[in-house]
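S.K.: First the structure, then my questions, so here it is.
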Number of protein chains: 2
Amino acid sequence: MNHILTRRSIRQYSGRDIEPKLLDRLLTEAARTQTMGNLQLYSVVVTRSVEGKAALAPAHFNQPMVTQAPVVLTICADFRRTSTWAKCRKAEPGYDNLLSFMNAATDALLFTQTFCNLAEEEGLGLCYLGTTIYMPQPIIDALKLPKLVFPVATLTVGWPAEEPPLSDRLPLESFVHNEEYHDPTPADIDRFYTAKEALPENQEFVRINKKETLAQIFTDIRYPKKDNELMSRSFYETLRKQGFVK
Amino acid sequence: MNHILTRRSIRQYSGRDIEPKLLDRLLTEAARTQTMGNLQLYSVVVTRSVEGKAALAPAHFNQPMVTQAPVVLTICADFRRTSTWAKCRKAEPGYDNLLSFMNAATDALLFTQTFCNLAEEEGLGLCYLGTTIYMPQPIIDALKLPKLVFPVATLTVGWPAEEPPLSDRLPLESFVHNEEYHDPTPADIDRFYTAKEALPENQEFVRINKKETLAQIFTDIRYPKKDNELMSRSFYETLRKQGFVK
């Protein structure tokens, strides 16, 4: 897994398709990931068609990767298959609740990341679309997801046609705590974030956006409170519609 | 990543310790995983002390791995460090909401799974404890997690002292859908689950527990509705206490 050291998110893909056999092998191998009670509480919808990608694009703010990638994968928390199995076997399923959603979302995300590691090792390029949980309803509509199925991750996948620079990461001490959580002091924050704030591309972001600090780019522009609160409400409402909240 | 084909969860560990240098390298490499806005919305609490493991054990139903593994990792969704950074930089954070929790939980789980893949490739054995979200409050207390930090995954890690059999998996067609979700019919369910139900160990489970079907083991014993609903309420209540719900 040496490729992990040089991995970057890939948003531009060559015209080369992904062979169904290769995709099937990677999905089969990813399913070796640990899963709750070995129930495999996830499903993957594979979108290859032009119309399918066009239907998904608006939910992802029309980011060009969605229509340009040969394959779009939508990975879902799925308690439906398991519940249908139970009903077919004289068992009464009880998975229409928030904990069960979290169990299935966990399974789905762990599976997703093993798939990413495997696909990137194979030389494929991926972009993870966090937008999936911003507006789940249009994705649910486009993919015809029934109750107890909820999209939690989207990957655009293809053969890389770019090699963007490696992104920075915070120092280990900023996110690893020994024995107990150490609440960061202002001095800690300076030590953790100074290198990131000093990067020329980040300083340029601040300048272009006429902000004072890099943190303001996130709080005022990229992930503002108002949007988060609005999307929190619709996320919860969609959980209810999909049957995970009463 | 050929190791993925033969991976199994490991619950018994040799007496050998995990060198801090090795653990730090694996955690550093795992942090190459994609993350929302490159904010790294996670933290890891490393428990090596006997007292620390003893304090965590009850939250995990006293499963013996917790006290026997040389290292226990609790991976948390963490919007605190980012929010503190914002406050130190004249920015107003707005991450005390459900969407932000999901964003951070996603980051934390993707990071967790890259760590698992790296550690297993290194020859380490791991067990993922899904119990983490069953009773988050005692974990929060034991690790002194402040607001906007929430445990989402626990790994016990050590050098393997067992080689359990590989567990089965459902066929690919049961969890991969082309273009649209295909709701499984009773005939599909038979095709997907017959091999699992026919396994001698599963038939033995059904017999010992005096049940009629394997599905009843899950719905009546392992993950019953009543427990899921109780834990859903306390999960939501703990989200509120940790500041992710108002």
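So you can find residues: chains in the structure tokens are A, B, ... in the order shown, residues in each start at 1, and ligands are numbered from 1 in order.
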List the neighbours of segment 64-71 of chain B out to 9 Å using only C-alpha atoms; skip same-chain residues closer than 2 positions along the sequence, and give me the result as a list in words.

M.R.: Ile10, Arg11, Gln12, Tyr13, Ser14, Gly15, Arg16, Asp17, Ile18, Val46, Thr47, Arg48, Ser49, Val50, Gly52, Lys53, Ala54, Leu56, Ala57, His60, Phe61, Asn62, Leu73, Cys127, Leu155, Thr156, Val157, Gly158 and Trp159 of chain B

S.K.: Generate a file of the selected residues that holds C-alpha atoms, formatted as an mmCIF file, in the first residue's frame.

M.R.:
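Output file part26.cif is given in full below:
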data_model
loop_
_atom_site.group_PDB
_atom_site.id
_atom_site.type_symbol
_atom_site.label_atom_id
_atom_site.label_comp_id
_atom_site.auth_asym_id
_atom_site.auth_seq_id
_atom_site.Cartn_x
_atom_site.Cartn_y
_atom_site.Cartn_z
ATOM 1 C CA ILE B 10 -8.354 -10.994 15.221
ATOM 2 C CA ARG B 11 -9.445 -11.163 18.853
ATOM 3 C CA GLN B 12 -6.453 -12.932 20.407
ATOM 4 C CA TYR B 13 -3.062 -11.277 20.553
ATOM 5 C CA SER B 14 0.464 -12.412 21.412
ATOM 6 C CA GLY B 15 2.249 -10.713 24.327
ATOM 7 C CA ARG B 16 4.315 -8.622 21.891
ATOM 8 C CA ASP B 17 3.826 -4.870 22.157
ATOM 9 C CA ILE B 18 3.316 -2.475 19.235
ATOM 10 C CA VAL B 46 -4.545 5.749 21.971
ATOM 11 C CA THR B 47 -5.067 3.616 25.067
ATOM 12 C CA ARG B 48 -2.089 1.542 26.213
ATOM 13 C CA SER B 49 -2.424 1.696 30.002
ATOM 14 C CA VAL B 50 -4.018 -1.119 32.012
ATOM 15 C CA GLY B 52 -7.293 3.033 30.535
ATOM 16 C CA LYS B 53 -8.352 -0.287 29.004
ATOM 17 C CA ALA B 54 -10.189 -1.275 32.171
ATOM 18 C CA LEU B 56 -13.173 1.365 28.406
ATOM 19 C CA ALA B 57 -14.042 -2.311 28.801
ATOM 20 C CA HIS B 60 -17.712 -2.679 25.102
ATOM 21 C CA PHE B 61 -19.630 -5.289 27.146
ATOM 22 C CA ASN B 62 -16.306 -6.377 28.709
ATOM 23 C CA LEU B 73 -7.713 3.011 19.429
ATOM 24 C CA CYS B 127 -10.937 -6.226 15.792
ATOM 25 C CA LEU B 155 -10.096 -0.917 17.175
ATOM 26 C CA THR B 156 -8.252 -3.391 19.332
ATOM 27 C CA VAL B 157 -4.815 -3.903 17.777
ATOM 28 C CA GLY B 158 -2.044 -6.424 18.393
ATOM 29 C CA TRP B 159 0.051 -9.170 16.846
#

S.K.: What residues in chain B lie within 6 Å of chain A, counting only C-alpha atoms, written as a PyMOL selection string?

M.R.: chain B and resi 43-47+85-86+91+93-94+98-99+110+113+143-145+175-181+189+215-216+219+225+232

S.K.: Would you mind writing down, as a CSV table (one decimal) with C-alpha atoms, in the first residue's frame, each residue of segment 11-236 of chain B that DSSP on the backbone assigns to helix (DSSP H, G or I)?

M.R.:
chain,number,residue,atom,x,y,z
B,20,PRO,CA,5.2,3.5,19.2
B,21,LYS,CA,7.2,4.3,16.1
B,22,LEU,CA,5.3,1.7,14.0
B,23,LEU,CA,1.9,3.0,15.3
B,24,ASP,CA,2.8,6.6,14.6
B,25,ARG,CA,3.9,5.6,11.0
B,26,LEU,CA,0.6,3.8,10.4
B,27,LEU,CA,-1.5,6.7,11.8
B,28,THR,CA,0.5,9.2,9.7
B,29,GLU,CA,0.0,7.2,6.5
B,30,ALA,CA,-3.7,6.7,7.2
B,36,MET,CA,-13.6,17.1,3.8
B,37,GLY,CA,-12.0,20.4,2.8
B,38,ASN,CA,-8.7,18.9,4.0
B,50,VAL,CA,-4.0,-1.1,32.0
B,51,GLU,CA,-6.3,1.4,33.8
B,52,GLY,CA,-7.3,3.0,30.5
B,53,LYS,CA,-8.4,-0.3,29.0
B,54,ALA,CA,-10.2,-1.3,32.2
B,55,ALA,CA,-12.1,2.0,32.0
B,56,LEU,CA,-13.2,1.4,28.4
B,57,ALA,CA,-14.0,-2.3,28.8
B,58,PRO,CA,-17.6,-2.0,30.3
B,59,ALA,CA,-18.7,0.2,27.3
B,60,HIS,CA,-17.7,-2.7,25.1
B,64,PRO,CA,-11.8,-9.6,26.5
B,65,MET,CA,-10.0,-8.0,23.5
B,66,VAL,CA,-10.2,-4.6,25.1
B,67,THR,CA,-8.1,-5.5,28.1
B,68,GLN,CA,-5.9,-8.0,26.3
B,80,ARG,CA,-13.7,20.7,18.1
B,81,ARG,CA,-10.1,21.3,17.0
B,82,THR,CA,-11.4,22.9,13.8
B,83,SER,CA,-13.8,25.1,15.8
B,84,THR,CA,-11.1,26.1,18.2
B,85,TRP,CA,-8.9,27.0,15.3
B,86,ALA,CA,-11.7,29.2,13.9
B,87,LYS,CA,-12.2,30.9,17.2
B,88,CYS,CA,-8.5,31.6,17.4
B,98,LEU,CA,-26.2,17.0,12.7
B,99,LEU,CA,-24.8,17.5,9.2
B,100,SER,CA,-21.4,18.5,10.7
B,101,PHE,CA,-21.5,15.4,12.9
B,102,MET,CA,-22.1,13.2,9.8
B,103,ASN,CA,-19.3,15.0,8.0
B,104,ALA,CA,-16.9,14.4,10.8
B,105,ALA,CA,-18.1,10.8,11.3
B,106,THR,CA,-17.5,10.1,7.6
B,107,ASP,CA,-13.9,11.5,7.8
B,108,ALA,CA,-13.3,9.4,10.9
B,109,LEU,CA,-14.6,6.2,9.4
B,110,LEU,CA,-12.7,6.6,6.1
B,111,PHE,CA,-9.5,7.3,8.1
B,112,THR,CA,-10.2,4.3,10.3
B,113,GLN,CA,-10.5,1.9,7.4
B,114,THR,CA,-7.3,3.0,5.7
B,115,PHE,CA,-5.6,2.5,9.0
B,116,CYS,CA,-7.1,-1.0,9.2
B,117,ASN,CA,-5.8,-1.8,5.7
B,118,LEU,CA,-2.3,-0.5,6.4
B,119,ALA,CA,-2.1,-2.3,9.8
B,120,GLU,CA,-3.3,-5.6,8.4
B,121,GLU,CA,-0.8,-5.4,5.6
B,130,GLY,CA,-19.2,-1.8,16.7
B,131,THR,CA,-20.2,-1.4,20.3
B,132,THR,CA,-18.6,2.1,20.2
B,133,ILE,CA,-21.9,3.8,19.2
B,136,PRO,CA,-21.0,6.3,23.7
B,137,GLN,CA,-21.4,8.1,27.1
B,138,PRO,CA,-19.1,5.9,29.2
B,139,ILE,CA,-16.4,6.2,26.4
B,140,ILE,CA,-16.8,9.9,26.4
B,141,ASP,CA,-16.4,9.9,30.2
B,142,ALA,CA,-13.4,7.6,30.2
B,143,LEU,CA,-11.5,9.5,27.5
B,172,LEU,CA,-21.7,-9.6,-5.5
B,173,GLU,CA,-25.2,-9.4,-7.2
B,174,SER,CA,-26.8,-9.1,-3.7
B,175,PHE,CA,-25.2,-5.7,-3.0
B,186,PRO,CA,-38.2,-13.5,-2.3
B,187,ALA,CA,-36.6,-15.4,-5.1
B,188,ASP,CA,-33.5,-13.1,-5.0
B,189,ILE,CA,-33.4,-13.5,-1.2
B,190,ASP,CA,-33.2,-17.3,-1.6
B,191,ARG,CA,-30.4,-17.0,-4.1
B,192,PHE,CA,-28.4,-14.5,-2.0
B,193,TYR,CA,-28.8,-16.2,1.4
B,194,THR,CA,-29.0,-20.0,0.8
B,195,ALA,CA,-25.3,-20.6,0.9
B,196,LYS,CA,-25.0,-18.6,4.2
B,197,GLU,CA,-27.9,-20.4,5.8
B,198,ALA,CA,-26.4,-23.8,4.8
B,200,PRO,CA,-22.7,-25.8,9.3
B,201,GLU,CA,-21.7,-23.2,11.9
B,202,ASN,CA,-24.8,-21.1,11.1
B,203,GLN,CA,-27.1,-24.2,11.3
B,204,GLU,CA,-25.4,-25.0,14.7
B,205,PHE,CA,-26.2,-21.4,15.9
B,206,VAL,CA,-29.9,-21.9,15.0
B,207,ARG,CA,-30.0,-25.3,16.7
B,208,ILE,CA,-28.3,-24.2,19.9
B,214,LEU,CA,-30.8,-17.9,10.9
B,215,ALA,CA,-32.4,-14.5,10.4
B,216,GLN,CA,-34.2,-15.0,13.8
B,217,ILE,CA,-30.8,-15.1,15.5
B,218,PHE,CA,-30.2,-11.6,14.3
B,219,THR,CA,-33.7,-10.2,14.9
B,220,ASP,CA,-34.4,-11.9,18.2
B,221,ILE,CA,-31.0,-12.3,19.9
B,222,ARG,CA,-28.1,-10.3,18.4
B,225,LYS,CA,-35.7,-4.1,17.8
B,226,LYS,CA,-36.2,-3.2,21.5
B,227,ASP,CA,-32.4,-2.7,22.0
B,228,ASN,CA,-32.0,-0.8,18.8
B,229,GLU,CA,-34.7,1.6,19.7
B,230,LEU,CA,-33.4,2.1,23.3
B,231,MET,CA,-29.9,2.8,22.0
B,232,SER,CA,-31.2,5.1,19.2
B,233,ARG,CA,-32.7,7.3,21.9
B,234,SER,CA,-29.5,7.4,24.0
B,235,PHE,CA,-27.4,7.9,20.9
B,236,TYR,CA,-29.4,11.0,19.9

S.K.: Please extract the residues of segment 135-191 of chain B with a backbone DSSP assignment of strand (DSSP E or B) and present them as a list in words.

M.R.: Val149, Phe150, Pro151, Val152, Ala153, Thr154, Leu155, Thr156, Val157, Gly158, Pro160, Val176, His177 and Asn178 of chain B

S.K.: Interatomic distance between atom CA of Gly243 of chain A and atom CA of Met135 of chain B?

M.R.: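 Those two atoms sit 22.8 Å apart.
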
S.K.: In Å to one decimal, how far is atom CA of Ala77 of chain A from atom CA of Phe150 of chain B?

M.R.: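 Value for the atom CA of Phe150 of chain B-atom CA of Ala77 of chain A distance: 20.1 Å.
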